[in-house]
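Here is the structure we will look at, set down as C-alpha cells.
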Amino acid sequence: MAPDVLLAAPGPLDLGNRTLIFGCFVTFIVPVLFLCVLSGPPRDRVNDFYTAGRTLRPVRGALVLSGVYLSSATVLGTTGSVAVYGYDGLFIALCTVLSLGVLLLLARPLRRRAGYTLGDTFALHAPGRATRIAVAVVTLSTCVPYLVVQLSGAGVTTAALLGLSGPGVEKTAVVMIGTLVVCTTAFGGMRGTVTIQVIKTVVLLCMALAVTVVLLHRFQWSTDALIDAARQGSGRPAAYLRPGLRFAGSAEPTLDFVGLVLTIVLGVACLPHVATQLGTAPDEADARRTVRHTITIVGAFCCATVLMGFAAAALIGTPAILTADPGANGALVMAAGELAGGSSTDAGGALLIVLVASGVFLTTLAVVASVTLAAAGTIAHDLYTHALRQGRTTEGREVAAARVGSAVVGLLSITLAVWFQGWNIQFLTALSLAVAASTLLPALVYAFRWRRYNRRGLLWTLYGGLGCAVGLFASGPVTSGNPLALFPDRHFDWFPLQTVVLVSIPAAFFLGWIGSIAGTGTGGHGRKRTERTERTERTERMERTEQVSAGWVTQAPEREAPGHSRT
C-alpha cells in the first residue's frame, strides 16, 4: 500500500502538513492511552477486570458495543467493498447491521447465563473440564487469526501516517501497536477497554459526520450525482450497481455470496469478545436495550460508510484504489486525503485527515484490546482456574493469570503478524467469523433451546464445527490454486467455494444432534464420569448456586467472583 497515495491521493502531502498531521495525531492518541490505563480496576477483583462490575447502562453500553462491532473490517473493509464492488458492498454493509438482529435474539439468554467467559455459559449446561477446554480452544482459534489481521493492517496504516514505507517500518509499527494494546489490556482490564471503546465510537461518529458533510458538499448535496460519479469511476459502470462483482471469478458465485452473507450475519454476533460484552450489562432487560441502541448507532455509521465508499470510487477510481492496495482497505483514507485537498491540503484539510487517522488508529487499538481481553479471559478463567486448578485459586492469582494471558496472546499475535507482513492474509477475518458461526452459534442455540443437549453433543459441535471450517478453508480456493490465494503455486483446492459456512454450520448442528443422541444412553452427560469429573461438576454447581443467590448473574455490583475458594 503506497503511503503517499494513502494519505492524499492523487498527490503526496508536503512535509509541513505531514508534520502537522503527525503532531496532532500524537497529541490526541497519547492522552487517550494513558486515560485507558488509569481507568483500570483499583483492586485485583475478577468481576471488575472481566465485566467492569456489570454497571454499563444501555446508552453507555451501546457506545461500547458499537465500538466492539465497528472493527477495521467494517470501517476500512466495508468502505473499500462499496468502492470496488458497488451493489455487493452495499449488501455487506447491510449484513453488519443484520448481525445485530441475531445478537438481539441471543441477548436475553446470554445475559441470563453470563459469567466471565463463554466457558461459564456452557458449563451451566454441561459442567466439566472437557467443556472448559473445548470452549477455550474455539475461543483462541477465533481470536488469534482476528488479532493477526487487525495488527497487520494497523502496521500498514501507521507506516502510511508516518509517511514511511517498507516492510521494516510496518513490522516495527506492528510491534509498537501490539505492545501498547497488551499494556492497555493487562493494566486496564474491561474498565480500560470500555473507556477506549467509548472514545473510539465518539471519534468514529464525528469522523463519519465530517467526511460525509464534506463529500456531499463536493457533490452539491446530490446523492444521485455521487452515485453516477462512482459508477463512472468504478471502471465497470454497467455492472457496478448489479450483484455479482464480489465473486465474479468464483466457480459458484451465487453460493459464495450467500455464504458471505451468512458468515457476516451469524459470525460477527457470535464472536467471543462480542458475546461476552453483554455480560457488562446489569440485567437482561438492559442487555436487550443496549443492543437496540447499538443497532441505531451502527446503522447510522454503515450508511456513512456507503457514502464514503461511493466517494472513494468517484474521486479516486477503483483502478487506482486496487493499484495502491489490492484489498481496498485504503479507500477511506485515500478519499479523505482527496476531500482534504490532496497535495494542497490546508489546515482544515489536515485536521480532517487527523480525524480520519485517529479514528482508524483507535479502531484498531480498541478492537485488538477487546479481542485480547476475551482470549486472556479464557486462558485465565477457563484453562487456569477451572481446568487446571479446579476452582481452587484466589481472585488476585486469576487476575495475574489474565495479565500473563494477555501478554502471551499479544506476543503470539504480534509474532504472527510480523511473520506474515506483506502476505495476503485478509481471509483470516473470514476464517474467524466462519469458526464462530460454525461452533459457537450451534452450541448456543442447542444449549438455550434443547434440554437433551449434553456434553458429548457440545464437544462434537465445537470440535466438529472447528475442524470442518478450518479444513474446508485449507482445501478451498482462498488457500491455493489461484493468483490471489495464500499459496498461489500450490493446488490442493478440492473444495470449490470461497466461503465454508454453507457446509460447516449444518455439519456442526448435525454433529451436535448425533452426539447428544449417542450420549443419552451412557448416563449423565454422555459418558461415564470419573470421580474427578463428578467433583468438578459439584464445585461448579455450588459456585453457580452462590452466584444466583448473591445476584451475581443478574444484578450488579457483584460481591465475589465465581470459581474461587472461599477459604
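Chain labels follow the order of the C-alpha cells: the first chain is A, the next B, and so on; residue numbering restarts at 1 in every chain, and ligands are counted from 1 in their shown order.
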Practice problem: Write out as a ChimeraX atom specification which residues come within 8 Å of Val470 in chain A when counting only C-alpha atoms, dropping same-chain ones fewer than 4 positions away. | Solution: /A:431,435,466,474
Same residues, N, CA and C atoms, saved as a JSON list (two decimals), in the first residue's frame:
```json
[["chain", "number", "residue", "atom", "x", "y", "z"],
["A", 431, "LEU", "N", -12.14, -16.42, 8.11],
["A", 431, "LEU", "CA", -11.95, -17.68, 8.83],
["A", 431, "LEU", "C", -12.43, -17.55, 10.28],
["A", 435, "VAL", "N", -15.46, -19.72, 11.86],
["A", 435, "VAL", "CA", -15.29, -20.58, 13.02],
["A", 435, "VAL", "C", -16.33, -20.23, 14.09],
["A", 466, "LEU", "N", -15.28, -26.64, 14.35],
["A", 466, "LEU", "CA", -13.95, -26.06, 14.17],
["A", 466, "LEU", "C", -13.17, -26.80, 13.09],
["A", 474, "ALA", "N", -8.81, -24.57, 4.36],
["A", 474, "ALA", "CA", -7.49, -25.01, 3.90],
["A", 474, "ALA", "C", -7.57, -25.72, 2.56]]
```
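Put simply, CA of Leu433 in chain A is 6.0 Å away from CA of Thr263 in chain A.
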Dump as a tab-separated table the rows for residues of range 95-152 of chain A within 9 Å of range 297-305 of chain A: closest atom pair and distance in Å with one decimal, only C-alpha atoms counted, ordered by chain and rising residue number.
```
residue	atom	partner	partner_atom	distance
A:Thr96	CA	A:Cys302	CA	7.9
A:Val97	CA	A:Gly299	CA	5.8
A:Leu100	CA	A:Val298	CA	8.9
```
Report as a tab-separated table the residues of range 40-156 of chain A within 10 Å of range 238-254 of chain A, each with its shortest atom pair and distance in Å (one decimal), using only C-alpha atoms, ordered by chain and increasing residue number.
```
residue	atom	partner	partner_atom	distance
A:Ser81	CA	A:Arg246	CA	8.2
A:Val82	CA	A:Tyr240	CA	9.5
A:Ala83	CA	A:Tyr240	CA	9.3
A:Val84	CA	A:Tyr240	CA	8.2
A:Tyr85	CA	A:Leu245	CA	5.5
A:Gly86	CA	A:Tyr240	CA	5.0
A:Tyr87	CA	A:Leu241	CA	4.7
A:Asp88	CA	A:Pro243	CA	5.7
A:Gly89	CA	A:Arg246	CA	7.9
A:Leu90	CA	A:Leu241	CA	9.2
A:Phe91	CA	A:Pro243	CA	9.1
```
Practice problem: Would you mind listing what lies within 7 Å of Ala230 in chain A as a ChimeraX atom specification, with only C-alpha atoms counted and same-chain residues fewer than 2 positions away left out? | Solution: /A:226-228,232-234,310-311,313-314
Using only C-alpha atoms, which protein or nucleic acid residues come within 10 Å of Phe510 in chain A? Drop anything in the same chain fewer than 3 positions from it, and give the result as a short mmCIF file (atom, residue, chain, number, x, y, z; two decimals) with N, CA and C atoms, in the first residue's frame.
```
data_model
loop_
_atom_site.label_atom_id
_atom_site.label_comp_id
_atom_site.auth_asym_id
_atom_site.auth_seq_id
_atom_site.Cartn_x
_atom_site.Cartn_y
_atom_site.Cartn_z
N PRO A 442 -24.16 -22.84 16.75
CA PRO A 442 -24.93 -24.06 17.01
C PRO A 442 -24.94 -24.47 18.47
N GLY A 457 -22.65 -33.97 22.93
CA GLY A 457 -23.13 -33.16 21.82
C GLY A 457 -22.41 -31.83 21.73
N TRP A 460 -18.85 -32.44 20.39
CA TRP A 460 -18.89 -32.75 18.96
C TRP A 460 -19.21 -31.50 18.14
N THR A 461 -20.08 -30.65 18.67
CA THR A 461 -20.40 -29.39 17.98
C THR A 461 -19.17 -28.51 17.87
N GLY A 464 -16.13 -30.49 16.07
CA GLY A 464 -16.53 -30.81 14.70
C GLY A 464 -16.68 -29.58 13.84
N GLY A 465 -17.35 -28.54 14.37
CA GLY A 465 -17.50 -27.31 13.62
C GLY A 465 -16.17 -26.63 13.35
N SER A 504 -20.23 -25.99 6.83
CA SER A 504 -19.75 -26.19 8.20
C SER A 504 -20.83 -25.97 9.25
N ILE A 505 -21.74 -25.01 9.04
CA ILE A 505 -22.81 -24.78 10.03
C ILE A 505 -23.78 -25.96 10.09
N PRO A 506 -24.33 -26.44 8.96
CA PRO A 506 -25.17 -27.65 9.05
C PRO A 506 -24.43 -28.85 9.62
N ALA A 507 -23.14 -28.98 9.29
CA ALA A 507 -22.36 -30.11 9.82
C ALA A 507 -22.26 -30.02 11.34
N TRP A 513 -26.39 -32.87 17.25
CA TRP A 513 -27.56 -33.73 17.42
C TRP A 513 -27.16 -35.19 17.57
N ILE A 514 -26.27 -35.66 16.70
CA ILE A 514 -25.83 -37.05 16.77
C ILE A 514 -25.12 -37.32 18.09
N GLY A 515 -24.25 -36.40 18.50
CA GLY A 515 -23.53 -36.59 19.76
C GLY A 515 -24.45 -36.65 20.95
N SER A 516 -25.46 -35.80 20.97
CA SER A 516 -26.40 -35.80 22.10
C SER A 516 -27.23 -37.06 22.13
#
```
Under the rule of at most 12 Å, produce a per-residue listing of range 292-407 of chain A near range 414-426 of chain A: chain, number, name, the closest pair of atoms, and the distance in Å, as a tab-separated table, using only C-alpha atoms.
```
residue	atom	partner	partner_atom	distance
A:Asp325	CA	A:Asn424	CA	10.9
A:Pro326	CA	A:Asn424	CA	9.2
A:Gly327	CA	A:Gln426	CA	7.7
A:Ala328	CA	A:Gln426	CA	10.9
A:Asn329	CA	A:Gln426	CA	10.1
A:Val368	CA	A:Ile414	CA	11.1
A:Thr372	CA	A:Ile414	CA	11.6
A:Ser406	CA	A:Ile414	CA	11.8
A:Ala407	CA	A:Ile414	CA	10.3
```
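Nearest to Ile321 in chain A of all the residues A:Gln390, A:Val213, A:Thr79, A:Ala508 is A:Thr79, based on only C-alpha atoms.
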Quiz prompt | helix (DSSP H, G or I) call set, DSSP backbone run, range 431-493 of chain A, as number ranges by chain | solution = A: 431-449, 455-474
Please write the residues from the selection above to a file, keeping N, CA and C atoms, as an mmCIF file, in the first residue's frame.
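Okay, again.cif is ready:
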```
data_model
loop_
_atom_site.group_PDB
_atom_site.id
_atom_site.type_symbol
_atom_site.label_atom_id
_atom_site.label_comp_id
_atom_site.auth_asym_id
_atom_site.auth_seq_id
_atom_site.Cartn_x
_atom_site.Cartn_y
_atom_site.Cartn_z
ATOM 1 N N LEU A 431 -12.137 -16.422 8.105
ATOM 2 C CA LEU A 431 -11.951 -17.676 8.832
ATOM 3 C C LEU A 431 -12.429 -17.547 10.279
ATOM 4 N N SER A 432 -12.098 -16.453 10.947
ATOM 5 C CA SER A 432 -12.534 -16.248 12.332
ATOM 6 C C SER A 432 -14.054 -16.198 12.426
ATOM 7 N N LEU A 433 -14.677 -15.471 11.497
ATOM 8 C CA LEU A 433 -16.141 -15.392 11.505
ATOM 9 C C LEU A 433 -16.765 -16.750 11.212
ATOM 10 N N ALA A 434 -16.158 -17.492 10.283
ATOM 11 C CA ALA A 434 -16.703 -18.811 9.951
ATOM 12 C C ALA A 434 -16.582 -19.775 11.125
ATOM 13 N N VAL A 435 -15.463 -19.717 11.857
ATOM 14 C CA VAL A 435 -15.290 -20.577 13.024
ATOM 15 C C VAL A 435 -16.328 -20.233 14.093
ATOM 16 N N ALA A 436 -16.544 -18.932 14.338
ATOM 17 C CA ALA A 436 -17.545 -18.530 15.334
ATOM 18 C C ALA A 436 -18.947 -18.993 14.927
ATOM 19 N N ALA A 437 -19.287 -18.810 13.650
ATOM 20 C CA ALA A 437 -20.615 -19.207 13.183
ATOM 21 C C ALA A 437 -20.788 -20.721 13.176
ATOM 22 N N SER A 438 -19.694 -21.467 12.980
ATOM 23 C CA SER A 438 -19.781 -22.925 12.855
ATOM 24 C C SER A 438 -19.641 -23.654 14.179
ATOM 25 N N THR A 439 -19.267 -22.960 15.229
ATOM 26 C CA THR A 439 -19.073 -23.613 16.525
ATOM 27 C C THR A 439 -19.961 -23.007 17.606
ATOM 28 N N LEU A 440 -19.785 -21.731 17.858
ATOM 29 C CA LEU A 440 -20.482 -21.096 18.975
ATOM 30 C C LEU A 440 -21.968 -20.913 18.697
ATOM 31 N N LEU A 441 -22.333 -20.578 17.460
ATOM 32 C CA LEU A 441 -23.754 -20.401 17.162
ATOM 33 C C LEU A 441 -24.550 -21.694 17.362
ATOM 34 N N PRO A 442 -24.163 -22.837 16.751
ATOM 35 C CA PRO A 442 -24.934 -24.060 17.006
ATOM 36 C C PRO A 442 -24.939 -24.470 18.473
ATOM 37 N N ALA A 443 -23.791 -24.289 19.147
ATOM 38 C CA ALA A 443 -23.724 -24.663 20.557
ATOM 39 C C ALA A 443 -24.656 -23.797 21.406
ATOM 40 N N LEU A 444 -24.704 -22.500 21.133
ATOM 41 C CA LEU A 444 -25.582 -21.608 21.890
ATOM 42 C C LEU A 444 -27.051 -21.927 21.617
ATOM 43 N N VAL A 445 -27.401 -22.146 20.370
ATOM 44 C CA VAL A 445 -28.793 -22.460 20.035
ATOM 45 C C VAL A 445 -29.238 -23.747 20.725
ATOM 46 N N TYR A 446 -28.410 -24.772 20.652
ATOM 47 C CA TYR A 446 -28.761 -26.027 21.309
ATOM 48 C C TYR A 446 -28.830 -25.857 22.834
ATOM 49 N N ALA A 447 -27.840 -25.174 23.410
ATOM 50 C CA ALA A 447 -27.808 -25.021 24.869
ATOM 51 C C ALA A 447 -29.000 -24.228 25.388
ATOM 52 N N PHE A 448 -29.466 -23.255 24.600
ATOM 53 C CA PHE A 448 -30.584 -22.424 25.036
ATOM 54 C C PHE A 448 -31.938 -23.058 24.752
ATOM 55 N N ARG A 449 -32.019 -23.942 23.748
ATOM 56 C CA ARG A 449 -33.327 -24.389 23.268
ATOM 57 C C ARG A 449 -33.581 -25.890 23.384
ATOM 58 N N ARG A 455 -23.093 -33.066 27.157
ATOM 59 C CA ARG A 455 -21.681 -32.761 26.993
ATOM 60 C C ARG A 455 -21.109 -33.333 25.702
ATOM 61 N N ARG A 456 -21.444 -34.564 25.402
ATOM 62 C CA ARG A 456 -20.918 -35.154 24.171
ATOM 63 C C ARG A 456 -21.382 -34.354 22.952
ATOM 64 N N GLY A 457 -22.645 -33.974 22.931
ATOM 65 C CA GLY A 457 -23.133 -33.162 21.819
ATOM 66 C C GLY A 457 -22.406 -31.834 21.729
ATOM 67 N N LEU A 458 -22.151 -31.204 22.886
ATOM 68 C CA LEU A 458 -21.437 -29.928 22.903
ATOM 69 C C LEU A 458 -20.024 -30.088 22.355
ATOM 70 N N LEU A 459 -19.312 -31.112 22.809
ATOM 71 C CA LEU A 459 -17.942 -31.323 22.339
ATOM 72 C C LEU A 459 -17.908 -31.641 20.853
ATOM 73 N N TRP A 460 -18.849 -32.440 20.386
ATOM 74 C CA TRP A 460 -18.892 -32.752 18.958
ATOM 75 C C TRP A 460 -19.211 -31.499 18.140
ATOM 76 N N THR A 461 -20.082 -30.645 18.673
ATOM 77 C CA THR A 461 -20.399 -29.392 17.978
ATOM 78 C C THR A 461 -19.172 -28.506 17.865
ATOM 79 N N LEU A 462 -18.484 -28.298 18.985
ATOM 80 C CA LEU A 462 -17.354 -27.368 18.998
ATOM 81 C C LEU A 462 -16.181 -27.889 18.181
ATOM 82 N N TYR A 463 -15.747 -29.100 18.474
ATOM 83 C CA TYR A 463 -14.587 -29.636 17.758
ATOM 84 C C TYR A 463 -14.933 -29.958 16.301
ATOM 85 N N GLY A 464 -16.131 -30.491 16.070
ATOM 86 C CA GLY A 464 -16.534 -30.814 14.699
ATOM 87 C C GLY A 464 -16.685 -29.577 13.837
ATOM 88 N N GLY A 465 -17.353 -28.545 14.370
ATOM 89 C CA GLY A 465 -17.502 -27.308 13.618
ATOM 90 C C GLY A 465 -16.173 -26.633 13.347
ATOM 91 N N LEU A 466 -15.282 -26.644 14.347
ATOM 92 C CA LEU A 466 -13.952 -26.060 14.168
ATOM 93 C C LEU A 466 -13.169 -26.801 13.086
ATOM 94 N N GLY A 467 -13.132 -28.130 13.182
ATOM 95 C CA GLY A 467 -12.391 -28.906 12.199
ATOM 96 C C GLY A 467 -12.949 -28.765 10.798
ATOM 97 N N CYS A 468 -14.277 -28.711 10.690
ATOM 98 C CA CYS A 468 -14.909 -28.587 9.390
ATOM 99 C C CYS A 468 -14.593 -27.227 8.763
ATOM 100 N N ALA A 469 -14.726 -26.149 9.540
ATOM 101 C CA ALA A 469 -14.475 -24.810 8.998
ATOM 102 C C ALA A 469 -13.016 -24.652 8.577
ATOM 103 N N VAL A 470 -12.095 -25.027 9.457
ATOM 104 C CA VAL A 470 -10.667 -24.874 9.136
ATOM 105 C C VAL A 470 -10.267 -25.794 7.982
ATOM 106 N N GLY A 471 -10.751 -27.029 8.001
ATOM 107 C CA GLY A 471 -10.400 -27.970 6.941
ATOM 108 C C GLY A 471 -10.886 -27.525 5.577
ATOM 109 N N LEU A 472 -12.116 -27.025 5.501
ATOM 110 C CA LEU A 472 -12.642 -26.570 4.214
ATOM 111 C C LEU A 472 -11.942 -25.317 3.731
ATOM 112 N N PHE A 473 -11.593 -24.423 4.658
ATOM 113 C CA PHE A 473 -10.834 -23.234 4.264
ATOM 114 C C PHE A 473 -9.473 -23.633 3.694
ATOM 115 N N ALA A 474 -8.812 -24.574 4.364
ATOM 116 C CA ALA A 474 -7.494 -25.013 3.896
ATOM 117 C C ALA A 474 -7.571 -25.723 2.559
#
```
With 10 Å as the cut-off and only C-alpha atoms counted, what is the closest atom pair between each nearby residue of range 154-231 of chain A and range 43-64 of chain A? Distances in Å to one decimal, ordered by chain and number, as JSON lines.
```
{"residue": "A:Thr185", "atom": "CA", "partner": "A:Phe49", "partner_atom": "CA", "distance": 9.5}
{"residue": "A:Ala186", "atom": "CA", "partner": "A:Phe49", "partner_atom": "CA", "distance": 9.2}
{"residue": "A:Phe187", "atom": "CA", "partner": "A:Phe49", "partner_atom": "CA", "distance": 9.1}
{"residue": "A:Gly188", "atom": "CA", "partner": "A:Phe49", "partner_atom": "CA", "distance": 7.7}
{"residue": "A:Gly189", "atom": "CA", "partner": "A:Phe49", "partner_atom": "CA", "distance": 4.8}
{"residue": "A:Met190", "atom": "CA", "partner": "A:Phe49", "partner_atom": "CA", "distance": 5.4}
{"residue": "A:Arg191", "atom": "CA", "partner": "A:Ala52", "partner_atom": "CA", "distance": 5.1}
{"residue": "A:Gly192", "atom": "CA", "partner": "A:Ala52", "partner_atom": "CA", "distance": 8.8}
{"residue": "A:Thr193", "atom": "CA", "partner": "A:Val64", "partner_atom": "CA", "distance": 8.6}
{"residue": "A:Val194", "atom": "CA", "partner": "A:Val64", "partner_atom": "CA", "distance": 6.0}
{"residue": "A:Thr195", "atom": "CA", "partner": "A:Val64", "partner_atom": "CA", "distance": 8.1}
{"residue": "A:Ile196", "atom": "CA", "partner": "A:Val64", "partner_atom": "CA", "distance": 8.5}
{"residue": "A:Gln197", "atom": "CA", "partner": "A:Val64", "partner_atom": "CA", "distance": 5.1}
{"residue": "A:Val198", "atom": "CA", "partner": "A:Val64", "partner_atom": "CA", "distance": 5.3}
{"residue": "A:Ile199", "atom": "CA", "partner": "A:Leu63", "partner_atom": "CA", "distance": 8.7}
{"residue": "A:Lys200", "atom": "CA", "partner": "A:Val64", "partner_atom": "CA", "distance": 8.7}
{"residue": "A:Thr201", "atom": "CA", "partner": "A:Leu63", "partner_atom": "CA", "distance": 6.1}
{"residue": "A:Val202", "atom": "CA", "partner": "A:Leu63", "partner_atom": "CA", "distance": 7.8}
```
I need the residues from that last selection saved to file as a PDB file, in the first residue's frame (with N, CA, C and O atoms), if you can.
```pdb
ATOM      1  N   THR A 185      -4.578  -3.614  27.907  1.00  0.00           N
ATOM      2  CA  THR A 185      -5.434  -4.708  28.355  1.00  0.00           C
ATOM      3  C   THR A 185      -5.008  -5.237  29.710  1.00  0.00           C
ATOM      4  O   THR A 185      -5.840  -5.489  30.592  1.00  0.00           O
ATOM      5  N   ALA A 186      -3.708  -5.410  29.889  1.00  0.00           N
ATOM      6  CA  ALA A 186      -3.211  -6.004  31.128  1.00  0.00           C
ATOM      7  C   ALA A 186      -3.485  -5.116  32.332  1.00  0.00           C
ATOM      8  O   ALA A 186      -3.849  -5.608  33.407  1.00  0.00           O
ATOM      9  N   PHE A 187      -3.315  -3.817  32.173  1.00  0.00           N
ATOM     10  CA  PHE A 187      -3.483  -2.914  33.319  1.00  0.00           C
ATOM     11  C   PHE A 187      -4.881  -2.300  33.383  1.00  0.00           C
ATOM     12  O   PHE A 187      -5.344  -1.943  34.469  1.00  0.00           O
ATOM     13  N   GLY A 188      -5.556  -2.178  32.256  1.00  0.00           N
ATOM     14  CA  GLY A 188      -6.869  -1.552  32.249  1.00  0.00           C
ATOM     15  C   GLY A 188      -8.022  -2.518  32.397  1.00  0.00           C
ATOM     16  O   GLY A 188      -9.076  -2.150  32.925  1.00  0.00           O
ATOM     17  N   GLY A 189      -7.828  -3.767  31.948  1.00  0.00           N
ATOM     18  CA  GLY A 189      -8.925  -4.730  32.012  1.00  0.00           C
ATOM     19  C   GLY A 189     -10.141  -4.250  31.244  1.00  0.00           C
ATOM     20  O   GLY A 189     -10.036  -3.475  30.290  1.00  0.00           O
ATOM     21  N   MET A 190     -11.312  -4.710  31.653  1.00  0.00           N
ATOM     22  CA  MET A 190     -12.538  -4.306  30.965  1.00  0.00           C
ATOM     23  C   MET A 190     -12.824  -2.826  31.156  1.00  0.00           C
ATOM     24  O   MET A 190     -13.340  -2.163  30.246  1.00  0.00           O
ATOM     25  N   ARG A 191     -12.476  -2.267  32.303  1.00  0.00           N
ATOM     26  CA  ARG A 191     -12.745  -0.839  32.520  1.00  0.00           C
ATOM     27  C   ARG A 191     -11.929   0.013  31.551  1.00  0.00           C
ATOM     28  O   ARG A 191     -12.445   0.982  30.972  1.00  0.00           O
ATOM     29  N   GLY A 192     -10.672  -0.307  31.356  1.00  0.00           N
ATOM     30  CA  GLY A 192      -9.866   0.418  30.383  1.00  0.00           C
ATOM     31  C   GLY A 192     -10.366   0.214  28.962  1.00  0.00           C
ATOM     32  O   GLY A 192     -10.390   1.147  28.153  1.00  0.00           O
ATOM     33  N   THR A 193     -10.795  -1.019  28.661  1.00  0.00           N
ATOM     34  CA  THR A 193     -11.335  -1.306  27.331  1.00  0.00           C
ATOM     35  C   THR A 193     -12.624  -0.534  27.086  1.00  0.00           C
ATOM     36  O   THR A 193     -12.862  -0.025  25.983  1.00  0.00           O
ATOM     37  N   VAL A 194     -13.472  -0.434  28.111  1.00  0.00           N
ATOM     38  CA  VAL A 194     -14.710   0.334  27.985  1.00  0.00           C
ATOM     39  C   VAL A 194     -14.397   1.791  27.655  1.00  0.00           C
ATOM     40  O   VAL A 194     -15.029   2.410  26.785  1.00  0.00           O
ATOM     41  N   THR A 195     -13.405   2.356  28.336  1.00  0.00           N
ATOM     42  CA  THR A 195     -13.043   3.755  28.097  1.00  0.00           C
ATOM     43  C   THR A 195     -12.607   3.980  26.660  1.00  0.00           C
ATOM     44  O   THR A 195     -13.067   4.910  25.982  1.00  0.00           O
ATOM     45  N   ILE A 196     -11.719   3.120  26.170  1.00  0.00           N
ATOM     46  CA  ILE A 196     -11.215   3.322  24.804  1.00  0.00           C
ATOM     47  C   ILE A 196     -12.313   3.048  23.773  1.00  0.00           C
ATOM     48  O   ILE A 196     -12.357   3.695  22.717  1.00  0.00           O
ATOM     49  N   GLN A 197     -13.247   2.136  24.068  1.00  0.00           N
ATOM     50  CA  GLN A 197     -14.340   1.875  23.132  1.00  0.00           C
ATOM     51  C   GLN A 197     -15.286   3.072  23.044  1.00  0.00           C
ATOM     52  O   GLN A 197     -15.757   3.417  21.944  1.00  0.00           O
ATOM     53  N   VAL A 198     -15.597   3.690  24.176  1.00  0.00           N
ATOM     54  CA  VAL A 198     -16.474   4.864  24.149  1.00  0.00           C
ATOM     55  C   VAL A 198     -15.826   6.000  23.359  1.00  0.00           C
ATOM     56  O   VAL A 198     -16.461   6.629  22.491  1.00  0.00           O
ATOM     57  N   ILE A 199     -14.547   6.272  23.646  1.00  0.00           N
ATOM     58  CA  ILE A 199     -13.839   7.336  22.922  1.00  0.00           C
ATOM     59  C   ILE A 199     -13.784   7.019  21.434  1.00  0.00           C
ATOM     60  O   ILE A 199     -14.007   7.892  20.580  1.00  0.00           O
ATOM     61  N   LYS A 200     -13.485   5.768  21.115  1.00  0.00           N
ATOM     62  CA  LYS A 200     -13.396   5.366  19.707  1.00  0.00           C
ATOM     63  C   LYS A 200     -14.716   5.574  18.988  1.00  0.00           C
ATOM     64  O   LYS A 200     -14.753   6.086  17.851  1.00  0.00           O
ATOM     65  N   THR A 201     -15.832   5.172  19.598  1.00  0.00           N
ATOM     66  CA  THR A 201     -17.131   5.312  18.947  1.00  0.00           C
ATOM     67  C   THR A 201     -17.464   6.765  18.696  1.00  0.00           C
ATOM     68  O   THR A 201     -17.948   7.136  17.610  1.00  0.00           O
ATOM     69  N   VAL A 202     -17.201   7.623  19.675  1.00  0.00           N
ATOM     70  CA  VAL A 202     -17.472   9.055  19.504  1.00  0.00           C
ATOM     71  C   VAL A 202     -16.612   9.625  18.385  1.00  0.00           C
ATOM     72  O   VAL A 202     -17.093  10.387  17.525  1.00  0.00           O
TER      73      VAL A 202
END
```
Quiz item: Looking at only C-alpha atoms, which of A:Leu118, A:Val274, A:Val265, A:Val306 is the one that sits closest to His381 in chain A?
Solution: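 Smallest distance to His381 in chain A is found for A:Leu118.
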